[in-house]
Structure formats: structure tokens, C-alpha cells
Amino acid sequence: MEAAHLAVARFLKAHGLKGAVLVEPLTDTPAAVFVAGRRLVPMDEAGAPSGPEAVLRRGRPTGRAWLLEFAEVDSRTAVDRWPWKWLGARREELAPPRADQLYVHEIAGTAVVSEGRVLGLARELAGLRGEFLVVEIEGREHLIPFRRPIVRAVDRAARRIEVDLPPGFLEL
């Protein structure tokens with residue numbers, strides 16, 4: 001069964017004293033997702049809701065991040081009580097990913113392939129902005145940059161991420 005909610009943002013930090021939060025968008029269309037009235041729910045790493053839904057009162061970009069304000073969260077104290085990690089939106093309210101994109105919850109268990117050989121399975125995204133794939137290869141954990149030109153192709157249907165690693169990368 002597919003998840004009812006999908007991660008659209010990663011919580012970065014509380015902002016100010018009136019309950020605003022700074023998030024990293026995990027969507028290519030944050031202006032369409034972070035609109036007033038959108039219901040978002042805190043989620044855990046597995047994609048399961050970890051708290052009640054909150055109605056977005058206002059969202060605006062600030063650099064590469066977004067500042068969000070919720071109707072139900074009106075103080076820094078309230079922000080501290082919420083189980084922030086990821087924020088999800090209802091699946092049916094979001095545009096589906098292209099064949100060369102993955103939802104965040106689909107990354108764990110996806111094969112990481114180089115030169116036709118499976119190196120290992122991705123465990124998660126890491127880094128402040130989710131810029132690294134965490135992959136265990138031959139008993140060692142590696143952080144592989146999750147961007148072009150290192151990532152050559154993503155095949156959602158095959159659950160496969162093709163990478164082109166620089167010579168000696170796995171020996172580091």
C-alpha cells in the first residue's frame with residue numbers, strides 16, 4: 001500500500017518567537033506546494049505521520065529555504081513541542097514524480113549502480129540539504145553526492161540510481 005502522505009520538506013529550525021519554521025523544500029514546485037490552506041503533517045523517516053496535520057497559514061521563500069507559518073503553531077514553545085523532522089502533504093494533492101525522480105521515502109533500498117555493477121543499496125539521504133546518498137558498500141558506509149554529474153540516471157520503476165564515481169572515490 002502506498003503512503004497517504006509524501007515528504008515535501010525537511011525541517012531545518014524554528015524561526016523567531018511566533019511559531020514560524022524554516023524548511024528545506026523537497027519538491028521542484030515549492031510555490032505550488034507551500035500555499036495557504038495546505039494541510040501538512042509531521043512525518044518520521046519511514047514516511048509515517050508522527051503528529052497531527054497543521055494548516056499552512058503562510059509560506060514564503062527565503063534563499064534556498066522556505067519560511068512556513070501554521071494556524072495551529074503560534075509560538076516558539078509550540079514549535080518545540082511538535083515532532084518536526086519531515087513535513088508531508090497528502091499524496092493526491094501533489095503532482096506525481098517523473099520516471100527519473102524518486103520520493104524521499106523511496107530512496108531507502110534503491111540499488112546504486114556504477115558501470116553496470118550494483119555497489120550497494122541506498123539507506124537514506126544525508127546532509128543539511130539532503131545532498132548525499134548514504135550507501136553501504138563492502139561493509140563501509142559511503143556518502144555519494146546526490147547530484148549531477150555524479151548521478152547519471154534515476155530509474156524509479158527499476159528502483160535504480162546510476163552513478164559515475166571519480167577514480168578512487170570508494171577508497172577514500
# chains A, B, ... in the order shown; residues from 1 in each chain; ligands from 1
>>> closest_atom_pairs(of="range 9-100 of chain A", to="range 108-132 of chain A", cutoff="9 Å", atoms="only C-alpha atoms", output="JSON lines")
{"residue": "A:Arg10", "atom": "CA", "partner": "A:Arg129", "partner_atom": "CA", "distance": 8.1}
{"residue": "A:Leu12", "atom": "CA", "partner": "A:Leu128", "partner_atom": "CA", "distance": 7.9}
{"residue": "A:Glu24", "atom": "CA", "partner": "A:Arg129", "partner_atom": "CA", "distance": 6.6}
{"residue": "A:Pro25", "atom": "CA", "partner": "A:Arg129", "partner_atom": "CA", "distance": 8.8}
{"residue": "A:Leu26", "atom": "CA", "partner": "A:Gly130", "partner_atom": "CA", "distance": 8.8}
{"residue": "A:Glu45", "atom": "CA", "partner": "A:Glu124", "partner_atom": "CA", "distance": 8.8}
>>> residues_around(residues="Asp164 in chain A", least_positions_apart="5", cutoff="7 Å", atoms="only C-alpha atoms", output="short mmCIF file (atom, residue, chain, number, x, y, z; two decimals) with N, CA and C atoms, in the first residue's frame")
data_model
loop_
_atom_site.label_atom_id
_atom_site.label_comp_id
_atom_site.auth_asym_id
_atom_site.auth_seq_id
_atom_site.Cartn_x
_atom_site.Cartn_y
_atom_site.Cartn_z
N SER A 114 27.08 1.35 -10.60
CA SER A 114 28.16 2.03 -11.31
C SER A 114 28.75 1.06 -12.33
N ILE A 150 27.63 13.31 -10.81
CA ILE A 150 27.83 12.01 -10.15
C ILE A 150 26.63 11.10 -10.42
N VAL A 151 25.42 11.60 -10.22
CA VAL A 151 24.22 10.81 -10.52
C VAL A 151 23.92 10.98 -12.01
N ARG A 152 24.03 9.89 -12.74
CA ARG A 152 23.83 9.93 -14.19
C ARG A 152 22.37 9.69 -14.55
#
>>> select_by_dssp(residues="range 6-151 of chain A", states="alpha helix (DSSP H)", output="JSON, numbers by chain")
{"A": [30, 31, 32, 33, 76, 77, 78, 79, 80, 81, 104, 105, 106, 107]}
>>> select_by_dssp(residues="range 30-146 of chain A", states="strand (DSSP E or B)", output="VMD selection string")
chain A and resid 39 to 43 49 54 to 62 65 to 70 73 86 to 90 111 to 114 117 to 126 132 to 137 140 to 145
>>> residues_around(residues="Thr27 in chain A", least_positions_apart="2", cutoff="9 Å", atoms="only C-alpha atoms", output="PyMOL selection string")
chain A and resi 7-9+25+29-30+33
>>> atom_distance(atom1="CA of Val134 in chain A", atom2="CA of Leu172 in chain A")
14.5 Å
>>> closest_residue(among="A:Val154, A:Ile107, A:Ala36, A:Leu22", to="Lys85 in chain A", atoms="only C-alpha atoms")
A:Leu22
>>> residues_around(residues="Ala14 in chain A", least_positions_apart="5", cutoff="12 Å", atoms="only C-alpha atoms", output="list in words")
Gly19, Ala20, Val21, Leu22, Val23, Trp66, Leu67, Leu68, Glu69, Val73, Asp74, Ser75, Arg76, Thr77, Ala78, Val79, Asp80, Arg81, Trp82, Trp84 and Lys85 of chain A
>>> write_last_selection(atoms="C-alpha atoms", output="CSV table (one decimal), in the first residue's frame")
chain,number,residue,atom,x,y,z
A,19,GLY,CA,6.0,29.8,15.6
A,20,ALA,CA,7.5,30.1,12.2
A,21,VAL,CA,9.7,27.3,10.9
A,22,LEU,CA,12.4,27.2,8.3
A,23,VAL,CA,12.3,24.2,6.0
A,66,TRP,CA,11.1,28.4,2.9
A,67,LEU,CA,9.7,30.1,5.9
A,68,LEU,CA,6.3,28.5,6.9
A,69,GLU,CA,3.7,29.7,9.4
A,73,VAL,CA,1.5,26.8,15.8
A,74,ASP,CA,1.7,30.3,17.3
A,75,SER,CA,4.8,30.3,19.5
A,76,ARG,CA,8.4,29.1,19.7
A,77,THR,CA,7.2,26.9,22.6
A,78,ALA,CA,4.6,25.2,20.3
A,79,VAL,CA,7.3,24.6,17.6
A,80,ASP,CA,9.5,22.9,20.2
A,81,ARG,CA,6.6,20.5,21.1
A,82,TRP,CA,6.0,19.4,17.6
A,84,TRP,CA,9.4,18.1,13.4
A,85,LYS,CA,11.8,16.2,11.0
>>> residues_around(residues="Arg98 in chain A", least_positions_apart="5", cutoff="12 Å", atoms="only C-alpha atoms", output="number ranges by chain")
A: 27-28, 103, 154-157
